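Trainee: Data: entry34.txt, compact mmCIF, C-alpha atoms.
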# COMPACT_ATOMS: atom_id res chain seq x y z
CA MET U 1 16.20 27.81 10.64
CA MET U 2 14.39 24.63 11.74
CA ARG U 3 15.97 21.19 12.14
CA VAL U 4 14.40 18.59 9.81
CA VAL U 5 14.77 14.85 10.39
CA HIS U 6 14.02 12.65 7.38
CA TYR U 7 12.76 9.04 7.53
CA ILE U 8 13.53 6.69 4.61
CA ASN U 9 13.77 2.93 4.08
CA GLN U 10 16.87 0.81 3.55
CA PHE U 11 16.69 1.07 -0.24
CA TYR U 12 16.73 4.86 -0.46
CA ALA U 13 19.43 5.03 2.20
CA GLY U 14 21.66 2.88 -0.02
CA LEU U 15 21.86 0.07 2.53
CA GLY U 16 20.41 -2.71 0.40
CA GLY U 17 17.30 -3.94 -1.36
CA GLU U 18 14.83 -6.65 -0.43
CA GLU U 19 17.59 -8.69 1.22
CA ALA U 20 18.00 -5.85 3.74
CA ALA U 21 14.28 -5.41 4.45
CA GLY U 22 14.80 -6.73 7.99
CA LEU U 23 17.28 -3.95 8.82
CA SER U 24 16.74 -2.55 12.33
CA PRO U 25 16.40 1.22 12.94
CA ARG U 26 19.47 3.39 12.72
CA LEU U 27 20.27 7.09 12.83
CA LEU U 28 22.53 8.75 10.24
CA ASP U 29 24.04 12.22 10.46
CA GLY U 30 22.80 14.70 7.88
CA PRO U 31 20.82 13.97 4.72
CA ALA U 32 21.04 10.65 2.87
CA GLY U 33 19.69 9.48 -0.47
CA PRO U 34 16.77 11.69 -1.56
CA GLY U 35 17.32 13.81 1.54
CA ARG U 36 20.25 15.48 -0.20
CA LEU U 37 17.94 16.90 -2.86
CA LEU U 38 15.39 17.83 -0.19
CA ASP U 39 18.06 19.72 1.72
CA GLN U 40 18.88 21.72 -1.42
CA LEU U 41 15.22 22.47 -2.10
CA LEU U 42 14.70 23.74 1.45
CA GLY U 43 17.44 26.32 0.92
CA ASP U 44 18.72 28.36 3.84
CA GLU U 45 15.44 28.34 5.76
CA HIS U 46 15.65 24.76 7.05
CA GLU U 47 18.25 22.01 7.29
CA VAL U 48 18.06 18.20 7.14
CA VAL U 49 20.17 17.42 10.20
CA ALA U 50 19.67 13.65 10.38
CA THR U 51 18.19 10.66 8.60
CA VAL U 52 16.38 7.80 10.35
CA VAL U 53 16.45 4.51 8.44
CA CYS U 54 14.66 1.19 8.88
CA GLY U 55 14.11 -1.87 6.70
CA ASP U 56 10.61 -2.18 5.26
CA ASN U 57 9.83 -5.58 6.81
CA HIS U 58 11.09 -4.51 10.22
CA ALA U 59 9.27 -1.18 10.11
CA ALA U 60 5.95 -2.62 8.97
CA GLY U 61 5.85 -5.76 11.11
CA THR U 62 7.74 -5.23 14.38
CA ALA U 63 5.88 -4.27 17.55
CA GLY U 64 7.06 -1.02 19.10
CA VAL U 65 9.17 0.02 16.13
CA THR U 66 7.27 3.28 15.58
CA GLU U 67 8.03 4.40 19.11
CA GLU U 68 11.67 3.41 18.65
CA LEU U 69 11.89 5.41 15.42
CA LEU U 70 10.23 8.43 17.02
CA GLY U 71 12.75 8.23 19.85
CA MET U 72 15.58 8.47 17.32
CA VAL U 73 13.86 11.43 15.67
CA ARG U 74 13.71 13.17 19.04
CA GLU U 75 17.32 12.22 19.78
CA ALA U 76 18.37 14.03 16.60
CA GLY U 77 16.74 17.22 17.86
CA ALA U 78 13.99 17.32 15.25
CA GLU U 79 11.78 20.36 14.94
CA LEU U 80 10.16 19.00 11.77
CA LEU U 81 9.72 15.40 10.58
CA LEU U 82 9.35 14.23 6.97
CA THR U 83 8.68 10.59 6.10
CA GLY U 84 9.11 9.35 2.54
CA PRO U 85 8.27 9.84 -0.28
CA ALA U 86 6.99 6.26 -0.20
CA PHE U 87 5.40 6.48 -3.69
CA GLY U 88 3.17 3.38 -4.09
CA SER U 89 5.13 1.03 -1.80
CA GLY U 90 2.83 -0.56 0.75
CA ARG U 91 5.23 -1.54 3.55
CA TYR U 92 7.21 1.68 3.22
CA GLY U 93 3.99 3.68 3.09
CA MET U 94 2.67 2.04 6.27
CA ALA U 95 5.89 2.86 8.12
CA CYS U 96 5.91 6.46 6.87
CA ALA U 97 2.27 7.03 7.78
CA ARG U 98 2.60 5.50 11.26
CA LEU U 99 5.71 7.52 12.10
CA ALA U 100 4.16 10.77 10.85
CA ALA U 101 1.02 10.04 12.87
CA ALA U 102 3.08 9.34 15.99
CA GLY U 103 5.04 12.54 15.51
CA THR U 104 1.89 14.60 15.08
CA THR U 105 0.33 13.05 18.19
CA ALA U 106 3.48 13.86 20.15
CA GLY U 107 3.28 17.52 19.09
CA LEU U 108 6.09 17.36 16.53
CA PRO U 109 5.10 18.93 13.15
CA SER U 110 5.21 15.92 10.82
CA LEU U 111 4.54 15.30 7.16
CA ALA U 112 4.33 12.10 5.10
CA ALA U 113 4.63 11.87 1.32
CA MET U 114 3.19 9.02 -0.76
CA HIS U 115 1.04 8.26 -3.78
CA PRO U 116 -2.71 8.80 -3.22
CA ASP U 117 -3.34 5.08 -3.81
CA ASN U 118 -0.76 3.95 -1.23
CA PRO U 119 -2.47 1.61 1.27
CA GLY U 120 -0.60 3.29 4.10
CA ILE U 121 -2.53 6.56 3.88
CA GLY U 122 -5.17 5.32 6.29
CA GLU U 123 -2.51 4.93 9.00
CA ALA U 124 -1.55 8.61 8.93
CA GLY U 125 -4.34 9.77 11.26
CA THR U 126 -4.41 13.57 11.22
CA ALA U 127 -0.81 13.90 10.02
CA PRO U 128 -0.80 15.65 6.63
CA VAL U 129 0.06 13.54 3.60
CA ILE U 130 1.42 15.20 0.46
CA ALA U 131 0.89 13.48 -2.88
CA ALA U 132 3.97 11.86 -4.41
CA GLY U 133 4.31 10.17 -7.77
CA ALA U 134 3.62 6.49 -8.33
CA SER U 135 7.29 5.50 -8.44
CA ALA U 136 10.80 6.77 -7.77
CA ARG U 137 10.93 8.13 -11.32
CA LYS U 138 8.90 11.00 -9.87
CA MET U 139 11.33 11.63 -7.01
CA ARG U 140 12.39 15.14 -8.02
CA ALA U 141 8.85 16.29 -8.81
CA SER U 142 7.59 14.80 -5.56
CA LEU U 143 10.24 16.53 -3.45
CA GLN U 144 9.60 19.79 -5.27
CA ARG U 145 6.03 19.54 -3.98
CA VAL U 146 7.07 18.39 -0.51
CA ALA U 147 9.63 21.15 0.19
CA PRO U 148 7.21 24.13 0.12
CA ALA U 149 4.63 22.10 2.03
CA LEU U 150 7.23 21.39 4.70
CA ALA U 151 8.13 25.08 4.88
CA LYS U 152 4.45 25.97 5.24
CA LEU U 153 4.06 23.40 8.00
CA ALA U 154 7.09 24.93 9.75
CA ALA U 155 5.34 28.29 9.70
CA GLY U 156 2.37 26.78 11.51
CA GLN U 157 0.03 27.00 8.52
CA ALA U 158 -2.53 24.35 7.61
CA LEU U 159 -1.91 22.33 4.45
CA THR U 160 -4.68 22.07 1.87
CA GLU U 161 -5.37 20.40 -1.46
CA GLN U 162 -3.61 23.32 -3.15
CA ASP U 163 -0.42 22.20 -1.37
CA GLY U 164 -0.89 18.65 -2.66
CA ARG U 165 -2.52 17.31 0.49
CA VAL U 166 -4.38 14.01 0.15
CA GLY U 167 -6.15 11.69 2.53
CA ARG U 168 -8.02 12.62 5.65
CA SER U 169 -7.96 16.26 6.70
CA ALA U 170 -7.53 17.34 10.29
CA ARG U 171 -10.69 17.68 12.34
CA LEU U 172 -11.02 21.26 13.48
CA GLY U 173 -12.98 22.29 16.54
CA ARG U 174 -15.77 24.86 16.34
CA LEU U 175 -18.52 26.20 18.59
CA VAL U 176 -21.98 24.75 18.00
CA GLU U 177 -25.37 25.47 19.49
CA HIS U 178 -26.20 21.94 20.71
CA THR U 179 -24.20 19.45 22.77
CA ALA U 180 -22.81 16.24 21.28
CA ALA U 181 -25.50 14.19 23.05
CA GLN U 182 -28.28 16.34 21.58
CA ARG U 183 -26.78 16.13 18.10
CA ALA U 184 -26.39 12.35 18.41
CA VAL U 185 -30.06 11.89 19.34
CA GLU U 186 -31.12 14.15 16.48
CA LEU U 187 -28.95 12.12 14.08
CA VAL U 188 -30.53 8.84 15.21
CA LEU U 189 -34.02 10.26 14.76
CA ARG U 190 -33.23 11.48 11.27
CA ARG U 191 -31.83 8.08 10.29
CA LEU U 192 -34.93 6.34 11.71
CA ALA U 193 -36.97 8.68 9.56
CA GLY U 194 -35.20 7.24 6.51
CA GLU U 195 -32.87 10.11 5.67
CA ASP U 196 -29.62 9.27 3.87
CA ALA U 197 -26.90 8.63 6.50
CA ASP U 198 -24.16 10.33 4.49
CA ALA U 199 -26.26 13.47 4.24
CA VAL U 200 -26.64 13.82 8.01
CA THR U 201 -23.44 12.47 9.53
CA GLU U 202 -20.96 15.04 10.86
CA ILE U 203 -17.90 12.98 9.92
CA PRO U 204 -18.23 11.14 6.58
CA LEU U 205 -16.18 7.93 6.59
CA GLY U 206 -14.34 6.48 3.63
CA GLY U 207 -12.96 2.98 3.20
CA PHE U 208 -13.02 -0.02 0.92
CA ASP U 209 -16.13 -1.77 -0.33
CA SER U 210 -17.65 -4.55 1.72
CA VAL U 211 -17.93 -7.63 -0.49
CA GLU U 212 -20.48 -10.28 0.43
CA PRO U 213 -18.96 -13.78 0.06
CA ALA U 214 -20.47 -16.11 -2.50
CA ALA U 215 -22.45 -19.10 -1.30
CA PRO U 216 -20.40 -22.28 -0.65
CA VAL U 217 -20.03 -24.74 -3.51
CA GLU U 218 -22.48 -27.55 -2.84
CA LYS U 219 -20.74 -30.35 -4.78
CA VAL U 220 -17.01 -29.63 -4.70
CA GLY U 221 -16.23 -33.03 -6.21
CA ALA U 222 -18.07 -32.01 -9.36
CA ALA U 223 -16.99 -28.36 -9.46
CA SER U 224 -14.73 -26.72 -12.00
CA VAL U 225 -12.03 -24.72 -10.19
CA ALA U 226 -9.83 -21.95 -11.59
CA LEU U 227 -6.42 -20.79 -10.43
CA LEU U 228 -5.80 -17.04 -10.27
CA THR U 229 -2.88 -15.01 -8.95
CA GLU U 230 -1.92 -11.41 -8.27
CA GLY U 231 1.69 -12.57 -7.84
CA ALA U 232 2.68 -11.74 -11.44
CA LEU U 233 3.58 -15.33 -12.42
CA VAL U 234 4.26 -15.31 -16.16
CA PRO U 235 6.16 -17.43 -18.71
CA ALA U 236 9.93 -17.02 -18.43
CA GLY U 237 11.08 -13.80 -20.04
CA ASN U 238 7.72 -12.08 -19.44
CA PRO U 239 6.82 -12.09 -23.16
CA ASP U 240 3.67 -10.01 -22.64
CA ARG U 241 5.48 -7.40 -20.51
CA LEU U 242 3.26 -7.51 -17.44
CA GLU U 243 4.07 -4.61 -15.10
CA SER U 244 5.93 -5.35 -11.86
CA ALA U 245 3.71 -2.83 -10.03
CA ARG U 246 0.60 -0.68 -10.56
CA ALA U 247 -1.00 -3.05 -13.04
CA THR U 248 -3.05 -1.69 -15.90
CA ARG U 249 -4.07 -5.09 -17.27
CA TRP U 250 -4.29 -8.79 -16.58
CA LEU U 251 -3.19 -11.78 -18.65
CA ARG U 252 -4.23 -15.39 -19.17
CA TYR U 253 -2.10 -18.43 -19.87
CA SER U 254 -3.05 -21.99 -20.77
CA VAL U 255 -2.29 -24.70 -18.21
CA ASP U 256 -4.18 -27.33 -20.17
CA GLY U 257 -2.25 -30.60 -20.00
CA LEU U 258 0.24 -29.30 -17.40
CA ASP U 259 0.62 -31.23 -14.14
CA THR U 260 3.09 -28.77 -12.64
CA LEU U 261 4.67 -25.37 -13.26
CA ALA U 262 8.23 -26.27 -14.11
CA ASP U 263 11.25 -24.38 -12.79
CA GLY U 264 12.69 -22.31 -15.63
CA ASP U 265 9.43 -22.15 -17.58
CA TRP U 266 7.76 -19.60 -15.28
CA GLU U 267 8.85 -16.62 -13.23
CA SER U 268 7.31 -13.96 -11.01
CA VAL U 269 7.97 -10.37 -12.05
CA ASP U 270 6.25 -8.91 -8.98
CA GLY U 271 8.28 -5.96 -7.66
CA GLY U 272 6.78 -6.09 -4.18
CA PHE U 273 8.42 -9.20 -2.69
CA ALA U 274 11.56 -11.33 -3.00
CA THR U 275 10.76 -13.77 -5.83
CA THR U 276 13.66 -16.21 -5.39
CA ALA U 277 11.66 -18.97 -3.71
CA ALA U 278 8.70 -18.58 -6.06
CA ASN U 279 10.93 -18.74 -9.13
CA ALA U 280 12.76 -21.82 -7.80
CA ASP U 281 9.38 -23.60 -7.59
CA PRO U 282 6.50 -21.67 -9.24
CA ASN U 283 4.02 -24.07 -7.61
CA ARG U 284 4.71 -22.27 -4.34
CA LEU U 285 2.98 -19.24 -5.82
CA VAL U 286 0.35 -21.01 -7.93
CA PRO U 287 -0.24 -24.57 -6.59
CA LEU U 288 -0.96 -26.30 -9.88
CA ASP U 289 0.74 -29.54 -8.74
CA ALA U 290 -1.42 -29.78 -5.60
CA ALA U 291 -4.55 -28.86 -7.57
CA ARG U 292 -3.87 -31.66 -10.07
CA ALA U 293 -3.46 -34.11 -7.19
CA LEU U 294 -6.84 -33.05 -5.81
CA GLN U 295 -8.33 -33.49 -9.27
CA ARG U 296 -6.91 -37.02 -9.56
CA ASP U 297 -8.29 -37.90 -6.13
CA GLY U 298 -11.74 -36.65 -7.09
CA ALA U 299 -11.73 -33.85 -4.51
CA VAL U 300 -12.57 -31.37 -7.28
CA GLY U 301 -14.33 -31.98 -10.54
CA GLY U 302 -11.78 -30.33 -12.81
CA LEU U 303 -9.37 -27.46 -13.31
CA HIS U 304 -10.06 -24.55 -15.61
CA ASP U 305 -7.58 -24.62 -18.48
CA GLU U 306 -6.54 -20.95 -18.07
CA LEU U 307 -4.43 -19.29 -15.38
CA LEU U 308 -5.46 -15.64 -14.85
CA VAL U 309 -2.59 -13.40 -13.82
CA THR U 310 -1.99 -9.81 -12.73
CA VAL U 311 0.19 -7.99 -10.19
CA GLY U 312 -1.24 -6.67 -6.93
CA ASN U 313 1.81 -4.62 -5.97
CA GLY U 314 0.69 -0.99 -5.83
CA THR U 315 -2.35 -1.60 -8.01
CA SER U 316 -5.15 0.87 -7.27
CA VAL U 317 -8.45 -0.25 -5.78
CA VAL U 318 -10.35 1.09 -8.79
CA THR U 319 -8.25 -0.97 -11.20
CA ALA U 320 -8.38 -4.08 -9.02
CA ARG U 321 -12.16 -3.80 -8.83
CA ARG U 322 -12.34 -3.71 -12.62
CA PHE U 323 -10.11 -6.78 -12.87
CA GLY U 324 -12.38 -8.64 -10.46
CA VAL U 325 -15.47 -7.90 -12.52
CA GLU U 326 -13.73 -8.97 -15.73
CA TRP U 327 -12.35 -12.15 -14.19
CA ALA U 328 -15.72 -13.12 -12.72
CA ALA U 329 -17.45 -12.60 -16.06
CA ARG U 330 -14.90 -14.72 -17.92
CA LEU U 331 -14.99 -17.54 -15.37
CA ARG U 332 -18.78 -17.60 -15.23
CA ALA U 333 -18.90 -17.82 -19.02
CA ALA U 334 -16.54 -20.81 -18.84
CA GLY U 335 -18.73 -22.59 -16.29
CA VAL U 336 -16.28 -22.25 -13.39
CA GLN U 337 -17.88 -22.68 -9.95
CA ALA U 338 -14.94 -21.73 -7.68
CA ALA U 339 -11.56 -20.06 -7.82
CA ILE U 340 -8.36 -20.05 -5.78
CA LEU U 341 -6.69 -16.63 -5.80
CA THR U 342 -3.12 -16.67 -4.51
CA ALA U 343 -1.49 -13.53 -3.16
CA THR U 344 1.97 -12.61 -1.90
Would you kindly transcribe this structure into C-alpha cells?
Mentor:
Amino acid sequence: MMRVVHYINQFYAGLGGEEAAGLSPRLLDGPAGPGRLLDQLLGDEHEVVATVVCGDNHAAGTAGVTEELLGMVREAGAELLLTGPAFGSGRYGMACARLAAAGTTAGLPSLAAMHPDNPGIGEAGTAPVIAAGASARKMRASLQRVAPALAKLAAGQALTEQDGRVGRSARLGRLVEHTAAQRAVELVLRRLAGEDADAVTEIPLGGFDSVEPAAPVEKVGAASVALLTEGALVPAGNPDRLESARATRWLRYSVDGLDTLADGDWESVDGGFATTAANADPNRLVPLDAARALQRDGAVGGLHDELLVTVGNGTSVVTARRFGVEWAARLRAAGVQAAILTAT
C-alpha cells in the first residue's frame, strides 16, 4: 500500500469560496472533499493519508508557496501526490500544475488532473496530467479516470493517451549516432536550405498564436471607439443566460444614450472572480462613464453604440479566437477604428 497525499483548493476542502481565496497552506489528516471518493476508488491498494489545502489566490500569486506546499506533502509522508482535479479553473489549475511539477522534479511520483483547456497545463513540466471534465459536475467521472492512472503511476509505469494523459509528454532519452552539436549544425543547415522547421526539429513546441498589433490610430480625436468586455457584464437578471464560464457565445447590448452603467441595471455573472465591487459600480468593469467624459472633451470622436460581451473564465482558446474574428468583423462593418477590451 502506498501513501497518497491529495492537494485541493479551499473550495473543495469546504473552507470557503472566493472570500477564502487568500487562505494560507494547511495540512489536514486523511481525505477531504473529493478525496473521500478518491480514497474509495483506490481500494485497498493505496490510501489517501493527508490533504494539503491552499486558497487559490495565495497558491497562484505568492512567492515560494509551491515549495511550502511540497514541504507539507513530504511532512505527511507522501509516496504519491495527486493535485486536483482543477477542471477549467485557471488559478487552481496553475497551483495544481506547479505542485505536480515540483513533486516530479523532487523524485516524488506526482499527477495533476485538469481539463485539457486549463491554462495551467503549461506549468506542469514533465509531470503527467490526466484529463478531467470542464466543471465539478464531472467530478466522479474525472476521479474514476484518475484512480487507475494513479495506480499505474505507483507501479512505475508510464502514462499515455489511453490513460487520459494530456499536455506535454515526458522526454525520454535514447542513443543516437551523432552528438547534439552535430545535430544542431545539421538542423541549422536544413533550415537555411528552406526546409520546414517543424519537419526537422527534434522537439516540436506548442503555444498560443502570436498576434501582430494593429497600427496606432492616427486621429484619435476623430475615431469611433467601442467598449468590449470578457467580464460577463450583462443586464440585471442575465436575461440572455450568458454562461459564467466556458463561453459558447457572445452578446451585444445597446449603450446608445447612456452616460453611465447604473448600479442595479447591470451585473457581472463571471464565475472566475468576486463580482461584488463590479456589481456595486459596473463602470469599474466597463468604463462607460469615463469614456463619455473623453467623448465630451473631444479626446475621442465617438463611442460605438453597442457593448460586446462574453466571459473569459475557462473559455477555450479556439472559441476565444472565433469570438475575436466575429467581433472584429462586426466592428469594422460599423466603422469602428479602436476598441477597449476590459478583462478581470
Trainee: For a quick check of understanding, using all atoms listed in the file, which of U:Pro31, U:Gly61, U:Gly301, U:Gly237 has the smallest distance to Val5 of chain U?
Mentor: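 Of U:Pro31, U:Gly61, U:Gly301, U:Gly237, the one nearest Val5 of chain U is U:Pro31, counting all atoms listed in the file.
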Trainee: Smallest atom-to-atom distance to Val65 of chain U: which of U:Pro213, U:Gly231, U:Pro25, U:Gly14, using all atoms listed in the file?
Mentor: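 With all atoms listed in the file as the atom set, the closest residue is U:Pro25.
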Trainee: List every protein, DNA or RNA residue that has at least one atom no more than 10 Å from (7.9, 13.5, 0.5) in the file's coordinates, counting all atoms listed in the file, and write the result as a ChimeraX atom specification.
Mentor: /U:6-8,34-35,38,82-87,96,111-115,129-133,139-147,149-150
Trainee: Name all residues at most 7 Å from Gly90 of chain U (count all atoms listed in the file; drop same-chain ones fewer than 6 positions away) and give them as an mmCIF file with C-alpha atoms, in the coordinates of the input.
Mentor:
data_model
loop_
_atom_site.group_PDB
_atom_site.id
_atom_site.type_symbol
_atom_site.label_atom_id
_atom_site.label_comp_id
_atom_site.auth_asym_id
_atom_site.auth_seq_id
_atom_site.Cartn_x
_atom_site.Cartn_y
_atom_site.Cartn_z
ATOM 1 C CA ASN U 118 -0.760 3.950 -1.230
ATOM 2 C CA PRO U 119 -2.470 1.610 1.270
ATOM 3 C CA GLY U 120 -0.600 3.290 4.100
ATOM 4 C CA GLY U 314 0.690 -0.990 -5.830
#
Trainee: At a cut-off of 10 Å, using all atoms listed in the file, what residues contact Val309 of chain U? Leave out same-chain residues fewer than 2 positions from it and give the result as a ChimeraX atom specification.
Mentor: /U:227-234,242,249-253,306-307,311-312,327,341-342
Trainee: Would you work out the distance separating atom CA of Leu187 of chain U from atom CA of Gly173 of chain U, expressed in Å to one decimal?
Mentor: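 Atom CA of Gly173 of chain U lies 19.1 Å from atom CA of Leu187 of chain U.
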Trainee: Find the spatial neighbours of Ala60 of chain U, counting only C-alpha atoms, within a cut-off of 9 Å - ignore same-chain residues fewer than 2 positions away - and output them as number ranges by chain.
Mentor: U: 55-58, 62-63, 65-66, 91-95
Trainee: Take atom CA of Arg74 of chain U and atom CA of Gly122 of chain U and report the distance between them in Å, one decimal.
Mentor: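 A separation of 24.1 Å between them.
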Trainee: Taking only residues of segment 28-90 of chain U that have an atom at most 12 Å from an atom of segment 155-169 of chain U, what is each one's shortest atom pair and its distance in Å to one decimal, using only C-alpha atoms, in chain and number order, as JSON lines?
Mentor:
{"residue": "U:Glu45", "atom": "CA", "partner": "U:Ala155", "partner_atom": "CA", "distance": 10.8}
{"residue": "U:His46", "atom": "CA", "partner": "U:Ala155", "partner_atom": "CA", "distance": 11.2}
{"residue": "U:Glu79", "atom": "CA", "partner": "U:Ala155", "partner_atom": "CA", "distance": 11.5}
{"residue": "U:Leu80", "atom": "CA", "partner": "U:Ala155", "partner_atom": "CA", "distance": 10.7}
Trainee: Find the residues around Ala338 of chain U up to 12 Å (only C-alpha atoms counted), leave out those fewer than 6 positions away in its own chain, and share them as a VMD selection string.
Mentor: chain U and resid 213 to 228 300 to 304 327 to 328 331 to 332
Trainee: Tell me, in Å to one decimal, how far atom CA of Ala127 of chain U is from atom CA of Ala100 of chain U.
Mentor: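 It comes out at 5.9 Å.
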Trainee: Considering only C-alpha atoms, return as a PyMOL selection string whatever protein or nucleic-acid residues lie within 9 Å of Ala102 of chain U, sequence-local ones (same chain, fewer than 4 positions apart) excluded.
Mentor: chain U and resi 66-67+70+97-98+106-108+110+124-125+127
Trainee: Which is closer to Leu81 of chain U than all the others in U:Ala278, U:Cys54, U:Ala236, U:Val49, using all atoms listed in the file?
Mentor: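 Comparing U:Ala278, U:Cys54, U:Ala236, U:Val49 against Leu81 of chain U, the winner is U:Val49.
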Trainee: Between U:Ala334, U:Ala262, U:Val269, U:Ala320, single out the one closest to Asp240 of chain U, counting all atoms listed in the file.
Mentor: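 Looking only at the distances to Asp240 of chain U, the closest residue turns out to be U:Val269.
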Trainee: Find the residue from U:Asp297, U:Asp305, U:Asp117, U:Glu186 that sits nearest to Arg246 of chain U; use all atoms listed in the file when measuring.
Mentor: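 Checking each candidate against Arg246 of chain U, we get U:Asp117 as the closest.
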Trainee: Starting from the incomplete input, reconstruct N, CA and C atoms of segment 292-317 of chain U and report them as a PDB file, in the coordinates of the input.
Mentor:
ATOM      1  N   ARG U 292      -3.748 -30.462  -9.223  1.00  0.00           N
ATOM      2  CA  ARG U 292      -3.870 -31.660 -10.070  1.00  0.00           C
ATOM      3  C   ARG U 292      -4.025 -32.912  -9.215  1.00  0.00           C
ATOM      4  N   ALA U 293      -3.326 -32.964  -8.083  1.00  0.00           N
ATOM      5  CA  ALA U 293      -3.460 -34.110  -7.190  1.00  0.00           C
ATOM      6  C   ALA U 293      -4.887 -34.197  -6.644  1.00  0.00           C
ATOM      7  N   LEU U 294      -5.452 -33.064  -6.274  1.00  0.00           N
ATOM      8  CA  LEU U 294      -6.840 -33.050  -5.810  1.00  0.00           C
ATOM      9  C   LEU U 294      -7.795 -33.495  -6.912  1.00  0.00           C
ATOM     10  N   GLN U 295      -7.498 -33.095  -8.137  1.00  0.00           N
ATOM     11  CA  GLN U 295      -8.330 -33.490  -9.270  1.00  0.00           C
ATOM     12  C   GLN U 295      -8.270 -35.007  -9.475  1.00  0.00           C
ATOM     13  N   ARG U 296      -7.055 -35.570  -9.379  1.00  0.00           N
ATOM     14  CA  ARG U 296      -6.910 -37.020  -9.560  1.00  0.00           C
ATOM     15  C   ARG U 296      -7.618 -37.801  -8.455  1.00  0.00           C
ATOM     16  N   ASP U 297      -7.636 -37.228  -7.260  1.00  0.00           N
ATOM     17  CA  ASP U 297      -8.290 -37.900  -6.130  1.00  0.00           C
ATOM     18  C   ASP U 297      -9.796 -37.704  -6.112  1.00  0.00           C
ATOM     19  N   GLY U 298     -10.310 -36.892  -7.039  1.00  0.00           N
ATOM     20  CA  GLY U 298     -11.740 -36.650  -7.090  1.00  0.00           C
ATOM     21  C   GLY U 298     -12.234 -35.610  -6.102  1.00  0.00           C
ATOM     22  N   ALA U 299     -11.317 -34.880  -5.474  1.00  0.00           N
ATOM     23  CA  ALA U 299     -11.730 -33.850  -4.510  1.00  0.00           C
ATOM     24  C   ALA U 299     -12.352 -32.660  -5.204  1.00  0.00           C
ATOM     25  N   VAL U 300     -11.945 -32.396  -6.453  1.00  0.00           N
ATOM     26  CA  VAL U 300     -12.570 -31.370  -7.280  1.00  0.00           C
ATOM     27  C   VAL U 300     -12.909 -31.993  -8.620  1.00  0.00           C
ATOM     28  N   GLY U 301     -13.879 -31.399  -9.290  1.00  0.00           N
ATOM     29  CA  GLY U 301     -14.330 -31.980 -10.540  1.00  0.00           C
ATOM     30  C   GLY U 301     -13.362 -31.778 -11.693  1.00  0.00           C
ATOM     31  N   GLY U 302     -12.705 -30.615 -11.715  1.00  0.00           N
ATOM     32  CA  GLY U 302     -11.780 -30.330 -12.810  1.00  0.00           C
ATOM     33  C   GLY U 302     -11.129 -28.986 -12.600  1.00  0.00           C
ATOM     34  N   LEU U 303     -10.077 -28.732 -13.366  1.00  0.00           N
ATOM     35  CA  LEU U 303      -9.370 -27.460 -13.310  1.00  0.00           C
ATOM     36  C   LEU U 303      -9.605 -26.692 -14.601  1.00  0.00           C
ATOM     37  N   HIS U 304      -9.915 -25.427 -14.456  1.00  0.00           N
ATOM     38  CA  HIS U 304     -10.060 -24.550 -15.610  1.00  0.00           C
ATOM     39  C   HIS U 304      -8.736 -24.513 -16.364  1.00  0.00           C
ATOM     40  N   ASP U 305      -8.807 -24.486 -17.682  1.00  0.00           N
ATOM     41  CA  ASP U 305      -7.580 -24.620 -18.480  1.00  0.00           C
ATOM     42  C   ASP U 305      -6.814 -23.314 -18.645  1.00  0.00           C
ATOM     43  N   GLU U 306      -7.261 -22.222 -17.992  1.00  0.00           N
ATOM     44  CA  GLU U 306      -6.540 -20.950 -18.070  1.00  0.00           C
ATOM     45  C   GLU U 306      -6.126 -20.487 -16.672  1.00  0.00           C
ATOM     46  N   LEU U 307      -4.902 -19.972 -16.576  1.00  0.00           N
ATOM     47  CA  LEU U 307      -4.430 -19.290 -15.380  1.00  0.00           C
ATOM     48  C   LEU U 307      -4.564 -17.796 -15.624  1.00  0.00           C
ATOM     49  N   LEU U 308      -5.290 -17.085 -14.732  1.00  0.00           N
ATOM     50  CA  LEU U 308      -5.460 -15.640 -14.850  1.00  0.00           C
ATOM     51  C   LEU U 308      -4.457 -14.950 -13.939  1.00  0.00           C
ATOM     52  N   VAL U 309      -3.754 -13.968 -14.498  1.00  0.00           N
ATOM     53  CA  VAL U 309      -2.590 -13.400 -13.820  1.00  0.00           C
ATOM     54  C   VAL U 309      -2.635 -11.871 -13.865  1.00  0.00           C
ATOM     55  N   THR U 310      -2.294 -11.233 -12.747  1.00  0.00           N
ATOM     56  CA  THR U 310      -1.990  -9.810 -12.730  1.00  0.00           C
ATOM     57  C   THR U 310      -0.993  -9.571 -11.611  1.00  0.00           C
ATOM     58  N   VAL U 311      -0.693  -8.312 -11.302  1.00  0.00           N
ATOM     59  CA  VAL U 311       0.190  -7.990 -10.190  1.00  0.00           C
ATOM     60  C   VAL U 311      -0.567  -7.088  -9.214  1.00  0.00           C
ATOM     61  N   GLY U 312      -0.541  -7.460  -7.933  1.00  0.00           N
ATOM     62  CA  GLY U 312      -1.240  -6.670  -6.930  1.00  0.00           C
ATOM     63  C   GLY U 312      -0.408  -5.530  -6.387  1.00  0.00           C
ATOM     64  N   ASN U 313       0.890  -5.594  -6.548  1.00  0.00           N
ATOM     65  CA  ASN U 313       1.810  -4.620  -5.970  1.00  0.00           C
ATOM     66  C   ASN U 313       1.484  -3.201  -6.431  1.00  0.00           C
ATOM     67  N   GLY U 314       0.970  -2.379  -5.514  1.00  0.00           N
ATOM     68  CA  GLY U 314       0.690  -0.990  -5.830  1.00  0.00           C
ATOM     69  C   GLY U 314      -0.496  -0.733  -6.719  1.00  0.00           C
ATOM     70  N   THR U 315      -1.224  -1.774  -7.101  1.00  0.00           N
ATOM     71  CA  THR U 315      -2.350  -1.600  -8.010  1.00  0.00           C
ATOM     72  C   THR U 315      -3.509  -0.908  -7.287  1.00  0.00           C
ATOM     73  N   SER U 316      -4.101   0.088  -7.913  1.00  0.00           N
ATOM     74  CA  SER U 316      -5.150   0.870  -7.270  1.00  0.00           C
ATOM     75  C   SER U 316      -6.407   0.043  -7.060  1.00  0.00           C
ATOM     76  N   VAL U 317      -7.206   0.446  -6.079  1.00  0.00           N
ATOM     77  CA  VAL U 317      -8.450  -0.250  -5.780  1.00  0.00           C
ATOM     78  C   VAL U 317      -9.403  -0.189  -6.972  1.00  0.00           C
TER      79      VAL U 317
END
